[in-house]
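Dropping structure03.csv in here (CSV, N, CA and C atoms):
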```csv
chain,number,residue,atom,x,y,z
T,77,MET,N,137.6,182.8,-135.8
T,77,MET,CA,136.7,183.0,-134.7
T,77,MET,C,137.5,183.2,-133.4
T,78,ASP,N,138.5,182.4,-133.2
T,78,ASP,CA,139.3,182.5,-132.0
T,78,ASP,C,140.0,183.9,-131.9
T,79,PHE,N,140.4,184.4,-133.1
T,79,PHE,CA,141.1,185.7,-133.2
T,79,PHE,C,140.1,186.8,-132.7
T,80,PHE,N,138.8,186.7,-133.2
T,80,PHE,CA,137.8,187.7,-132.8
T,80,PHE,C,137.5,187.7,-131.3
T,81,ILE,N,137.4,186.5,-130.7
T,81,ILE,CA,137.2,186.4,-129.3
T,81,ILE,C,138.4,187.0,-128.5
T,82,LEU,N,139.6,186.7,-128.9
T,82,LEU,CA,140.8,187.3,-128.3
T,82,LEU,C,140.8,188.8,-128.4
T,83,PHE,N,140.4,189.3,-129.6
T,83,PHE,CA,140.4,190.8,-129.8
T,83,PHE,C,139.4,191.4,-128.9
T,84,ILE,N,138.2,190.8,-128.7
T,84,ILE,CA,137.2,191.3,-127.8
T,84,ILE,C,137.7,191.3,-126.4
T,85,PHE,N,138.3,190.2,-126.0
T,85,PHE,CA,138.8,190.1,-124.6
T,85,PHE,C,139.9,191.2,-124.3
T,86,ILE,N,140.8,191.5,-125.3
T,86,ILE,CA,141.8,192.5,-125.1
T,86,ILE,C,141.2,193.9,-125.1
T,87,ALA,N,140.2,194.1,-125.9
T,87,ALA,CA,139.5,195.4,-126.0
T,87,ALA,C,138.8,195.7,-124.7
T,88,VAL,N,138.1,194.7,-124.1
T,88,VAL,CA,137.4,194.9,-122.8
T,88,VAL,C,138.4,195.2,-121.7
T,89,THR,N,139.5,194.5,-121.7
T,89,THR,CA,140.6,194.6,-120.7
T,89,THR,C,141.2,196.0,-120.7
T,90,VAL,N,141.5,196.5,-121.9
T,90,VAL,CA,142.1,197.9,-122.1
T,90,VAL,C,141.0,198.9,-121.7
T,91,ALA,N,139.8,198.8,-122.1
T,91,ALA,CA,138.8,199.7,-121.7
T,91,ALA,C,138.6,199.7,-120.2
T,92,SER,N,138.7,198.6,-119.5
T,92,SER,CA,138.5,198.5,-118.1
T,92,SER,C,139.6,199.3,-117.4
T,93,PHE,N,140.9,199.1,-117.8
T,93,PHE,CA,142.0,199.9,-117.2
T,93,PHE,C,141.8,201.4,-117.4
T,94,MET,N,141.3,201.8,-118.6
T,94,MET,CA,141.1,203.2,-118.9
T,94,MET,C,140.1,203.8,-118.0
T,95,LEU,N,139.0,203.1,-117.8
T,95,LEU,CA,137.9,203.6,-116.9
T,95,LEU,C,138.4,203.6,-115.4
T,96,LEU,N,139.2,202.6,-115.0
T,96,LEU,CA,139.7,202.7,-113.6
T,96,LEU,C,140.6,203.9,-113.4
T,97,GLY,N,141.3,204.3,-114.4
T,97,GLY,CA,142.2,205.4,-114.2
T,97,GLY,C,141.4,206.7,-114.1
T,98,ARG,N,140.2,206.8,-114.5
T,98,ARG,CA,139.4,208.0,-114.5
T,98,ARG,C,138.7,208.2,-113.2
T,99,THR,N,138.7,207.2,-112.3
T,99,THR,CA,138.0,207.4,-111.0
T,99,THR,C,138.6,208.4,-110.1
T,100,GLY,N,139.9,208.7,-110.2
T,100,GLY,CA,140.6,209.7,-109.4
T,100,GLY,C,140.8,209.2,-108.0
T,101,PRO,N,141.4,210.0,-107.2
T,101,PRO,CA,141.7,209.7,-105.8
T,101,PRO,C,140.4,209.7,-105.0
T,102,ALA,N,140.4,208.9,-103.9
T,102,ALA,CA,139.2,208.9,-103.0
T,102,ALA,C,139.2,210.3,-102.3
T,103,LYS,N,138.0,210.7,-102.1
T,103,LYS,CA,137.8,212.0,-101.4
T,103,LYS,C,137.7,211.8,-99.9
T,104,SER,N,138.8,211.5,-99.3
T,104,SER,CA,138.8,211.1,-97.9
T,104,SER,C,138.7,212.4,-97.0
T,105,VAL,N,138.2,212.2,-95.8
T,105,VAL,CA,138.0,213.3,-94.9
T,105,VAL,C,138.7,212.9,-93.6
T,106,LEU,N,139.5,213.9,-93.1
T,106,LEU,CA,140.1,213.7,-91.8
T,106,LEU,C,139.2,214.2,-90.7
T,107,ILE,N,138.9,213.4,-89.7
T,107,ILE,CA,138.0,213.8,-88.6
T,107,ILE,C,138.9,213.9,-87.4
T,108,ILE,N,138.9,215.1,-86.8
T,108,ILE,CA,139.7,215.4,-85.6
T,108,ILE,C,138.7,215.5,-84.4
T,109,THR,N,139.0,214.8,-83.3
T,109,THR,CA,138.1,214.9,-82.1
T,109,THR,C,139.0,215.4,-81.0
T,110,SER,N,138.6,216.4,-80.3
T,110,SER,CA,139.3,216.9,-79.1
T,110,SER,C,138.3,217.2,-78.1
T,111,GLY,N,138.3,216.4,-77.0
T,111,GLY,CA,137.3,216.6,-76.0
T,111,GLY,C,135.9,216.3,-76.6
T,112,GLU,N,135.0,217.2,-76.5
T,112,GLU,CA,133.7,217.1,-77.1
T,112,GLU,C,133.5,217.8,-78.4
T,113,LYS,N,134.6,218.4,-78.9
T,113,LYS,CA,134.6,219.0,-80.2
T,113,LYS,C,135.1,218.1,-81.3
T,114,GLU,N,134.5,218.2,-82.5
T,114,GLU,CA,134.8,217.4,-83.7
T,114,GLU,C,135.0,218.3,-84.9
T,115,TYR,N,136.0,218.1,-85.7
T,115,TYR,CA,136.3,218.9,-86.8
T,115,TYR,C,136.5,218.0,-88.0
T,116,ALA,N,136.1,218.4,-89.2
T,116,ALA,CA,136.3,217.6,-90.4
T,116,ALA,C,137.1,218.5,-91.5
T,117,PHE,N,138.1,217.9,-92.1
T,117,PHE,CA,138.9,218.6,-93.1
T,117,PHE,C,139.2,217.6,-94.3
T,118,SER,N,139.2,218.1,-95.4
T,118,SER,CA,139.5,217.3,-96.6
T,118,SER,C,141.0,217.0,-96.6
T,119,LEU,N,141.3,215.8,-97.0
T,119,LEU,CA,142.7,215.4,-97.1
T,119,LEU,C,143.3,215.9,-98.5
T,120,ALA,N,142.5,216.4,-99.3
T,120,ALA,CA,142.9,216.9,-100.6
T,120,ALA,C,143.6,218.3,-100.6
T,121,GLN,N,143.4,219.0,-99.5
T,121,GLN,CA,144.0,220.3,-99.3
T,121,GLN,C,145.1,220.3,-98.3
T,122,ASN,N,146.3,220.7,-98.6
T,122,ASN,CA,147.4,220.8,-97.7
T,122,ASN,C,147.1,221.9,-96.7
T,123,ARG,N,147.3,221.6,-95.4
T,123,ARG,CA,147.2,222.7,-94.4
T,123,ARG,C,147.8,222.3,-93.1
T,124,LEU,N,148.0,223.3,-92.2
T,124,LEU,CA,148.6,223.1,-90.9
T,124,LEU,C,147.5,223.5,-89.9
T,125,LEU,N,147.2,222.6,-89.0
T,125,LEU,CA,146.1,222.9,-88.0
T,125,LEU,C,146.6,222.9,-86.6
T,126,GLU,N,146.1,223.8,-85.8
T,126,GLU,CA,146.4,223.8,-84.4
T,126,GLU,C,145.1,223.5,-83.6
T,127,ILE,N,145.1,222.4,-82.9
T,127,ILE,CA,143.9,221.9,-82.2
T,127,ILE,C,144.1,222.0,-80.7
T,128,ASP,N,143.2,222.7,-80.0
T,128,ASP,CA,143.3,222.8,-78.6
T,128,ASP,C,142.9,221.5,-77.9
T,129,GLY,N,143.8,221.0,-77.0
T,129,GLY,CA,143.5,219.8,-76.3
T,129,GLY,C,143.5,220.0,-74.8
T,130,ALA,N,143.6,218.9,-74.1
T,130,ALA,CA,143.5,219.0,-72.6
T,130,ALA,C,144.7,219.7,-72.0
T,131,ILE,N,145.9,219.5,-72.6
T,131,ILE,CA,147.1,220.1,-72.0
T,131,ILE,C,147.8,221.1,-72.9
T,132,GLY,N,147.2,221.5,-74.0
T,132,GLY,CA,147.8,222.5,-74.9
T,132,GLY,C,147.4,222.2,-76.3
T,133,LYS,N,148.2,222.8,-77.3
T,133,LYS,CA,147.8,222.7,-78.7
T,133,LYS,C,148.6,221.5,-79.4
T,134,SER,N,147.8,220.7,-80.1
T,134,SER,CA,148.4,219.7,-81.0
T,134,SER,C,148.5,220.3,-82.4
T,135,VAL,N,149.6,220.1,-83.1
T,135,VAL,CA,149.7,220.6,-84.4
T,135,VAL,C,149.6,219.4,-85.4
T,136,ILE,N,148.6,219.5,-86.2
T,136,ILE,CA,148.3,218.4,-87.2
T,136,ILE,C,148.5,218.9,-88.6
T,137,GLU,N,149.3,218.2,-89.4
T,137,GLU,CA,149.5,218.7,-90.8
T,137,GLU,C,148.9,217.7,-91.7
T,138,ILE,N,148.2,218.3,-92.7
T,138,ILE,CA,147.7,217.5,-93.8
T,138,ILE,C,148.5,217.9,-95.0
T,139,GLN,N,149.1,216.8,-95.6
T,139,GLN,CA,150.0,217.0,-96.8
T,139,GLN,C,149.9,215.9,-97.7
T,140,ASP,N,149.6,216.2,-99.0
T,140,ASP,CA,149.6,215.2,-100.0
T,140,ASP,C,148.7,214.0,-99.7
T,141,GLY,N,147.5,214.3,-99.2
T,141,GLY,CA,146.5,213.2,-98.9
T,141,GLY,C,146.8,212.4,-97.6
T,142,ARG,N,147.7,212.9,-96.8
T,142,ARG,CA,148.0,212.2,-95.5
T,142,ARG,C,148.0,213.2,-94.4
T,143,ALA,N,147.7,212.8,-93.2
T,143,ALA,CA,147.7,213.6,-92.0
T,143,ALA,C,148.5,213.0,-90.9
T,144,PHE,N,149.1,213.9,-90.2
T,144,PHE,CA,150.0,213.4,-89.1
T,144,PHE,C,150.1,214.5,-88.0
T,145,PHE,N,150.5,214.0,-86.8
T,145,PHE,CA,150.8,214.9,-85.7
T,145,PHE,C,152.2,215.5,-86.0
T,146,LYS,N,152.3,216.8,-86.2
T,146,LYS,CA,153.6,217.4,-86.4
T,146,LYS,C,154.2,217.8,-85.0
T,147,ASP,N,153.4,218.1,-84.1
T,147,ASP,CA,153.9,218.5,-82.7
T,147,ASP,C,152.7,218.4,-81.7
T,148,SER,N,153.0,218.1,-80.5
T,148,SER,CA,152.0,218.0,-79.5
T,148,SER,C,152.7,218.3,-78.1
T,149,PRO,N,151.9,218.8,-77.1
T,149,PRO,CA,152.5,219.2,-75.9
T,149,PRO,C,152.8,218.0,-74.9
T,150,CYS,N,152.5,216.8,-75.4
T,150,CYS,CA,152.7,215.6,-74.5
T,150,CYS,C,154.2,215.3,-74.3
T,151,LYS,N,154.5,214.6,-73.2
T,151,LYS,CA,155.9,214.4,-72.8
T,151,LYS,C,156.6,213.5,-73.8
T,152,ASN,N,156.1,212.3,-74.1
T,152,ASN,CA,156.9,211.4,-74.9
T,152,ASN,C,156.7,211.5,-76.4
T,153,LYS,N,155.8,212.3,-76.9
T,153,LYS,CA,155.6,212.5,-78.3
T,153,LYS,C,155.4,211.3,-79.1
T,154,ILE,N,154.7,210.3,-78.5
T,154,ILE,CA,154.4,209.0,-79.2
T,154,ILE,C,153.5,209.3,-80.5
T,155,CYS,N,152.6,210.3,-80.3
T,155,CYS,CA,151.7,210.6,-81.4
T,155,CYS,C,152.5,211.1,-82.6
T,156,VAL,N,153.5,211.9,-82.4
T,156,VAL,CA,154.3,212.5,-83.4
T,156,VAL,C,155.1,211.4,-84.2
T,157,HIS,N,155.5,210.4,-83.5
T,157,HIS,CA,156.3,209.3,-84.1
T,157,HIS,C,155.4,208.2,-84.7
T,158,THR,N,154.1,208.3,-84.5
T,158,THR,CA,153.2,207.3,-85.0
T,158,THR,C,153.2,207.2,-86.5
T,159,GLY,N,153.4,208.3,-87.2
T,159,GLY,CA,153.3,208.4,-88.6
T,159,GLY,C,152.0,208.9,-89.1
T,160,ALA,N,151.9,208.9,-90.4
T,160,ALA,CA,150.7,209.5,-91.1
T,160,ALA,C,149.5,208.5,-91.2
T,161,VAL,N,148.3,209.1,-91.3
T,161,VAL,CA,147.1,208.4,-91.6
T,161,VAL,C,146.7,208.8,-92.9
T,162,SER,N,146.2,207.9,-93.7
T,162,SER,CA,145.7,208.3,-95.1
T,162,SER,C,144.6,207.4,-95.6
T,163,GLY,N,144.5,206.2,-95.2
T,163,GLY,CA,143.5,205.3,-95.7
T,163,GLY,C,142.3,205.3,-94.8
T,164,GLU,N,141.2,204.8,-95.3
T,164,GLU,CA,139.9,204.7,-94.6
T,164,GLU,C,140.1,203.9,-93.3
T,165,ASN,N,139.6,204.4,-92.2
T,165,ASN,CA,139.7,203.8,-90.9
T,165,ASN,C,141.1,203.9,-90.2
T,166,ASP,N,142.1,204.6,-90.9
T,166,ASP,CA,143.3,204.8,-90.2
T,166,ASP,C,143.1,205.8,-89.1
T,167,TRP,N,143.9,205.7,-88.0
T,167,TRP,CA,143.7,206.7,-86.9
T,167,TRP,C,145.1,206.8,-86.2
T,168,ALA,N,145.1,207.9,-85.4
T,168,ALA,CA,146.3,208.2,-84.5
T,168,ALA,C,145.7,209.0,-83.4
T,169,ALA,N,146.4,209.0,-82.3
T,169,ALA,CA,145.9,209.7,-81.1
T,169,ALA,C,147.0,210.3,-80.2
T,170,CYS,N,146.7,211.4,-79.6
T,170,CYS,CA,147.6,211.9,-78.5
T,170,CYS,C,146.7,211.8,-77.3
T,171,LEU,N,146.9,210.7,-76.6
T,171,LEU,CA,146.1,210.4,-75.4
T,171,LEU,C,146.2,211.5,-74.3
T,172,PRO,N,147.5,211.9,-73.9
T,172,PRO,CA,147.6,212.9,-72.9
T,172,PRO,C,146.8,214.2,-73.2
T,173,ASN,N,146.8,214.6,-74.5
T,173,ASN,CA,146.2,215.8,-74.9
T,173,ASN,C,144.7,215.6,-75.4
T,174,ASP,N,144.3,214.4,-75.4
T,174,ASP,CA,142.9,214.1,-75.7
T,174,ASP,C,142.5,214.5,-77.1
T,175,VAL,N,143.5,214.3,-78.1
T,175,VAL,CA,143.2,214.6,-79.5
T,175,VAL,C,143.3,213.3,-80.3
T,176,PHE,N,142.3,213.1,-81.1
T,176,PHE,CA,142.2,211.8,-81.9
T,176,PHE,C,141.9,212.2,-83.4
T,177,ILE,N,142.7,211.6,-84.3
T,177,ILE,CA,142.5,211.8,-85.7
T,177,ILE,C,142.2,210.5,-86.4
T,178,ARG,N,141.2,210.5,-87.3
T,178,ARG,CA,140.9,209.3,-88.1
T,178,ARG,C,140.5,209.7,-89.5
T,179,VAL,N,140.6,208.8,-90.4
T,179,VAL,CA,140.2,209.1,-91.8
T,179,VAL,C,138.9,208.4,-92.1
T,180,ASP,N,137.9,209.1,-92.6
T,180,ASP,CA,136.6,208.5,-93.0
T,180,ASP,C,136.5,208.6,-94.6
```
Starting from the file, give its structure as structure tokens.
Amino acid sequence: MDFFILFIFIAVTVASFMLLGRTGPAKSVLIITSGEKEYAFSLAQNRLLEIDGAIGKSVIEIQDGRAFFKDSPCKNKICVHTGAVSGENDWAACLPNDVFIRVD
């Protein structure tokens, strides 16, 4: 009887891991806000974006499910050094250029 219970427990555990593996990556969306404009892009597709801001163009790259400021016209480039956003509610901003990115 104990062997049967152990077998059922192991079978349920293995099945759970197999089902978890099938869920696939989250379909996250990158939201970019610049002034009063808002754009949405899938994080599943690699691309390079040029977004007009208050002082020029910010370049945002989406690569391998992550997004980051590749370049911006701001003086100190803090946004470029911030790193990538990829998880839900992650965000980064170029305040001088009024460009904000977040993951939903």
Quiz prompt | All residues 6 Å or closer to T:Ala143, all atoms listed in the file, same chain fewer than 3 positions away omitted, as a PyMOL selection string | solution = chain T and resi 137-139+159-162
Write the residues of the selection above to a file with N, CA and C atoms, as a compact mmCIF listing (two decimals), in the coordinates of the input.
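New file selection29.txt:
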```txt
# COMPACT_ATOMS: atom_id res chain seq x y z
N GLU T 137 149.30 218.20 -89.40
CA GLU T 137 149.50 218.70 -90.80
C GLU T 137 148.90 217.70 -91.70
N ILE T 138 148.20 218.30 -92.70
CA ILE T 138 147.70 217.50 -93.80
C ILE T 138 148.50 217.90 -95.00
N GLN T 139 149.10 216.80 -95.60
CA GLN T 139 150.00 217.00 -96.80
C GLN T 139 149.90 215.90 -97.70
N GLY T 159 153.40 208.30 -87.20
CA GLY T 159 153.30 208.40 -88.60
C GLY T 159 152.00 208.90 -89.10
N ALA T 160 151.90 208.90 -90.40
CA ALA T 160 150.70 209.50 -91.10
C ALA T 160 149.50 208.50 -91.20
N VAL T 161 148.30 209.10 -91.30
CA VAL T 161 147.10 208.40 -91.60
C VAL T 161 146.70 208.80 -92.90
N SER T 162 146.20 207.90 -93.70
CA SER T 162 145.70 208.30 -95.10
C SER T 162 144.60 207.40 -95.60
```
Exercise. Please provide as a VMD selection string all residues within 10 Å of T:Ile127, with the sequence filter that same-chain residues fewer than 3 positions apart are discarded (counting only C-alpha atoms).
Key: chain T and resid 108 to 110 113 115 124 132 to 136 148 173 175
Quiz item: Pick from T:Asn122, T:Thr158, T:Asn165, T:Ser104: nearest to T:Phe144, with only C-alpha atoms counted?
Solution: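 When distances to T:Phe144 are compared using only C-alpha atoms, the smallest one comes from T:Thr158.
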Self-check item: Distance in Å - atom CA of T:Leu119 versus atom N of T:Val105
Solution: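 Computing it gives 5.7 Å between the two atoms.
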Quiz item: Can you tell me how far atom N of T:Ser118 sits from atom C of T:Lys151, in Å to one decimal?
Solution: 28.1 Å
Exercise. Give me, please, the distance in Å between atom C of T:Ala120 and atom N of T:Ile107, quoted to one decimal.
Key: 12.8 Å
Applying 8 Å and only C-alpha atoms, which residues near T:Asp174 remain after dropping the ones on its own chain fewer than 5 positions away? List them as a PDB file with N, CA and C atoms, in the coordinates of the input.
```pdb
ATOM      1  N   SER T 110     138.600 216.400 -80.300  1.00  0.00           N
ATOM      2  CA  SER T 110     139.300 216.900 -79.100  1.00  0.00           C
ATOM      3  C   SER T 110     138.300 217.200 -78.100  1.00  0.00           C
ATOM      4  N   GLY T 111     138.300 216.400 -77.000  1.00  0.00           N
ATOM      5  CA  GLY T 111     137.300 216.600 -76.000  1.00  0.00           C
ATOM      6  C   GLY T 111     135.900 216.300 -76.600  1.00  0.00           C
ATOM      7  N   GLY T 129     143.800 221.000 -77.000  1.00  0.00           N
ATOM      8  CA  GLY T 129     143.500 219.800 -76.300  1.00  0.00           C
ATOM      9  C   GLY T 129     143.500 220.000 -74.800  1.00  0.00           C
ATOM     10  N   ALA T 130     143.600 218.900 -74.100  1.00  0.00           N
ATOM     11  CA  ALA T 130     143.500 219.000 -72.600  1.00  0.00           C
ATOM     12  C   ALA T 130     144.700 219.700 -72.000  1.00  0.00           C
ATOM     13  N   ALA T 169     146.400 209.000 -82.300  1.00  0.00           N
ATOM     14  CA  ALA T 169     145.900 209.700 -81.100  1.00  0.00           C
ATOM     15  C   ALA T 169     147.000 210.300 -80.200  1.00  0.00           C
TER      16      ALA T 169
END
```
Write stretch 166-177 of chain T as a PDB file, in the frame of the given file, completed to all heavy atoms.
```pdb
ATOM      1  N   ASP T 166     142.100 204.600 -90.900  1.00  0.00           N
ATOM      2  CA  ASP T 166     143.300 204.800 -90.200  1.00  0.00           C
ATOM      3  C   ASP T 166     143.100 205.800 -89.100  1.00  0.00           C
ATOM      4  O   ASP T 166     142.302 206.737 -89.225  1.00  0.00           O
ATOM      5  CB  ASP T 166     144.371 205.398 -91.195  1.00  0.00           C
ATOM      6  CG  ASP T 166     144.972 204.377 -92.128  1.00  0.00           C
ATOM      7  OD1 ASP T 166     144.673 203.172 -91.982  1.00  0.00           O
ATOM      8  OD2 ASP T 166     145.733 204.788 -93.028  1.00  0.00           O
ATOM      9  N   TRP T 167     143.900 205.700 -88.000  1.00  0.00           N
ATOM     10  CA  TRP T 167     143.700 206.700 -86.900  1.00  0.00           C
ATOM     11  C   TRP T 167     145.100 206.800 -86.200  1.00  0.00           C
ATOM     12  O   TRP T 167     145.956 205.966 -86.263  1.00  0.00           O
ATOM     13  CB  TRP T 167     142.631 206.222 -85.970  1.00  0.00           C
ATOM     14  CG  TRP T 167     142.874 204.899 -85.296  1.00  0.00           C
ATOM     15  CD1 TRP T 167     142.543 203.678 -85.774  1.00  0.00           C
ATOM     16  CD2 TRP T 167     143.526 204.690 -84.052  1.00  0.00           C
ATOM     17  NE1 TRP T 167     142.941 202.706 -84.896  1.00  0.00           N
ATOM     18  CE2 TRP T 167     143.541 203.301 -83.824  1.00  0.00           C
ATOM     19  CE3 TRP T 167     144.087 205.527 -83.098  1.00  0.00           C
ATOM     20  CZ2 TRP T 167     144.118 202.737 -82.687  1.00  0.00           C
ATOM     21  CZ3 TRP T 167     144.660 204.964 -81.963  1.00  0.00           C
ATOM     22  CH2 TRP T 167     144.663 203.590 -81.771  1.00  0.00           C
ATOM     23  N   ALA T 168     145.100 207.900 -85.400  1.00  0.00           N
ATOM     24  CA  ALA T 168     146.300 208.200 -84.500  1.00  0.00           C
ATOM     25  C   ALA T 168     145.700 209.000 -83.400  1.00  0.00           C
ATOM     26  O   ALA T 168     144.673 209.668 -83.553  1.00  0.00           O
ATOM     27  CB  ALA T 168     147.399 208.869 -85.238  1.00  0.00           C
ATOM     28  N   ALA T 169     146.400 209.000 -82.300  1.00  0.00           N
ATOM     29  CA  ALA T 169     145.900 209.700 -81.100  1.00  0.00           C
ATOM     30  C   ALA T 169     147.000 210.300 -80.200  1.00  0.00           C
ATOM     31  O   ALA T 169     148.067 209.638 -80.140  1.00  0.00           O
ATOM     32  CB  ALA T 169     144.961 208.849 -80.268  1.00  0.00           C
ATOM     33  N   CYS T 170     146.700 211.400 -79.600  1.00  0.00           N
ATOM     34  CA  CYS T 170     147.600 211.900 -78.500  1.00  0.00           C
ATOM     35  C   CYS T 170     146.700 211.800 -77.300  1.00  0.00           C
ATOM     36  O   CYS T 170     145.860 212.623 -76.999  1.00  0.00           O
ATOM     37  CB  CYS T 170     147.971 213.369 -78.774  1.00  0.00           C
ATOM     38  SG  CYS T 170     149.015 213.997 -77.435  1.00  0.00           S
ATOM     39  N   LEU T 171     146.900 210.700 -76.600  1.00  0.00           N
ATOM     40  CA  LEU T 171     146.100 210.400 -75.400  1.00  0.00           C
ATOM     41  C   LEU T 171     146.200 211.500 -74.300  1.00  0.00           C
ATOM     42  O   LEU T 171     145.221 211.918 -73.724  1.00  0.00           O
ATOM     43  CB  LEU T 171     146.319 209.025 -74.883  1.00  0.00           C
ATOM     44  CG  LEU T 171     145.938 207.900 -75.863  1.00  0.00           C
ATOM     45  CD1 LEU T 171     146.253 206.545 -75.258  1.00  0.00           C
ATOM     46  CD2 LEU T 171     144.487 208.006 -76.256  1.00  0.00           C
ATOM     47  N   PRO T 172     147.500 211.900 -73.900  1.00  0.00           N
ATOM     48  CA  PRO T 172     147.600 212.900 -72.900  1.00  0.00           C
ATOM     49  C   PRO T 172     146.800 214.200 -73.200  1.00  0.00           C
ATOM     50  O   PRO T 172     146.322 214.899 -72.329  1.00  0.00           O
ATOM     51  CB  PRO T 172     149.067 213.148 -72.731  1.00  0.00           C
ATOM     52  CG  PRO T 172     149.704 211.920 -73.283  1.00  0.00           C
ATOM     53  CD  PRO T 172     148.784 211.457 -74.386  1.00  0.00           C
ATOM     54  N   ASN T 173     146.800 214.600 -74.500  1.00  0.00           N
ATOM     55  CA  ASN T 173     146.200 215.800 -74.900  1.00  0.00           C
ATOM     56  C   ASN T 173     144.700 215.600 -75.400  1.00  0.00           C
ATOM     57  O   ASN T 173     144.040 216.574 -75.697  1.00  0.00           O
ATOM     58  CB  ASN T 173     146.972 216.491 -76.038  1.00  0.00           C
ATOM     59  CG  ASN T 173     146.711 217.965 -76.122  1.00  0.00           C
ATOM     60  OD1 ASN T 173     146.359 218.607 -75.135  1.00  0.00           O
ATOM     61  ND2 ASN T 173     146.869 218.520 -77.307  1.00  0.00           N
ATOM     62  N   ASP T 174     144.300 214.400 -75.400  1.00  0.00           N
ATOM     63  CA  ASP T 174     142.900 214.100 -75.700  1.00  0.00           C
ATOM     64  C   ASP T 174     142.500 214.500 -77.100  1.00  0.00           C
ATOM     65  O   ASP T 174     141.473 215.086 -77.370  1.00  0.00           O
ATOM     66  CB  ASP T 174     141.895 214.636 -74.697  1.00  0.00           C
ATOM     67  CG  ASP T 174     140.487 214.051 -74.811  1.00  0.00           C
ATOM     68  OD1 ASP T 174     140.369 212.924 -75.314  1.00  0.00           O
ATOM     69  OD2 ASP T 174     139.526 214.739 -74.424  1.00  0.00           O
ATOM     70  N   VAL T 175     143.500 214.300 -78.100  1.00  0.00           N
ATOM     71  CA  VAL T 175     143.200 214.600 -79.500  1.00  0.00           C
ATOM     72  C   VAL T 175     143.300 213.300 -80.300  1.00  0.00           C
ATOM     73  O   VAL T 175     144.306 212.570 -80.177  1.00  0.00           O
ATOM     74  CB  VAL T 175     144.221 215.653 -80.017  1.00  0.00           C
ATOM     75  CG1 VAL T 175     144.030 215.918 -81.505  1.00  0.00           C
ATOM     76  CG2 VAL T 175     144.080 216.960 -79.232  1.00  0.00           C
ATOM     77  N   PHE T 176     142.300 213.100 -81.100  1.00  0.00           N
ATOM     78  CA  PHE T 176     142.200 211.800 -81.900  1.00  0.00           C
ATOM     79  C   PHE T 176     141.900 212.200 -83.400  1.00  0.00           C
ATOM     80  O   PHE T 176     141.111 213.045 -83.635  1.00  0.00           O
ATOM     81  CB  PHE T 176     141.028 211.019 -81.325  1.00  0.00           C
ATOM     82  CG  PHE T 176     140.772 209.702 -81.997  1.00  0.00           C
ATOM     83  CD1 PHE T 176     141.539 208.587 -81.700  1.00  0.00           C
ATOM     84  CD2 PHE T 176     139.763 209.577 -82.937  1.00  0.00           C
ATOM     85  CE1 PHE T 176     141.289 207.368 -82.295  1.00  0.00           C
ATOM     86  CE2 PHE T 176     139.505 208.358 -83.552  1.00  0.00           C
ATOM     87  CZ  PHE T 176     140.278 207.255 -83.226  1.00  0.00           C
ATOM     88  N   ILE T 177     142.700 211.600 -84.300  1.00  0.00           N
ATOM     89  CA  ILE T 177     142.500 211.800 -85.700  1.00  0.00           C
ATOM     90  C   ILE T 177     142.200 210.500 -86.400  1.00  0.00           C
ATOM     91  O   ILE T 177     142.734 209.459 -86.042  1.00  0.00           O
ATOM     92  CB  ILE T 177     143.667 212.545 -86.385  1.00  0.00           C
ATOM     93  CG1 ILE T 177     144.930 211.681 -86.384  1.00  0.00           C
ATOM     94  CG2 ILE T 177     143.944 213.874 -85.716  1.00  0.00           C
ATOM     95  CD1 ILE T 177     146.095 212.283 -87.162  1.00  0.00           C
TER      96      ILE T 177
END
```
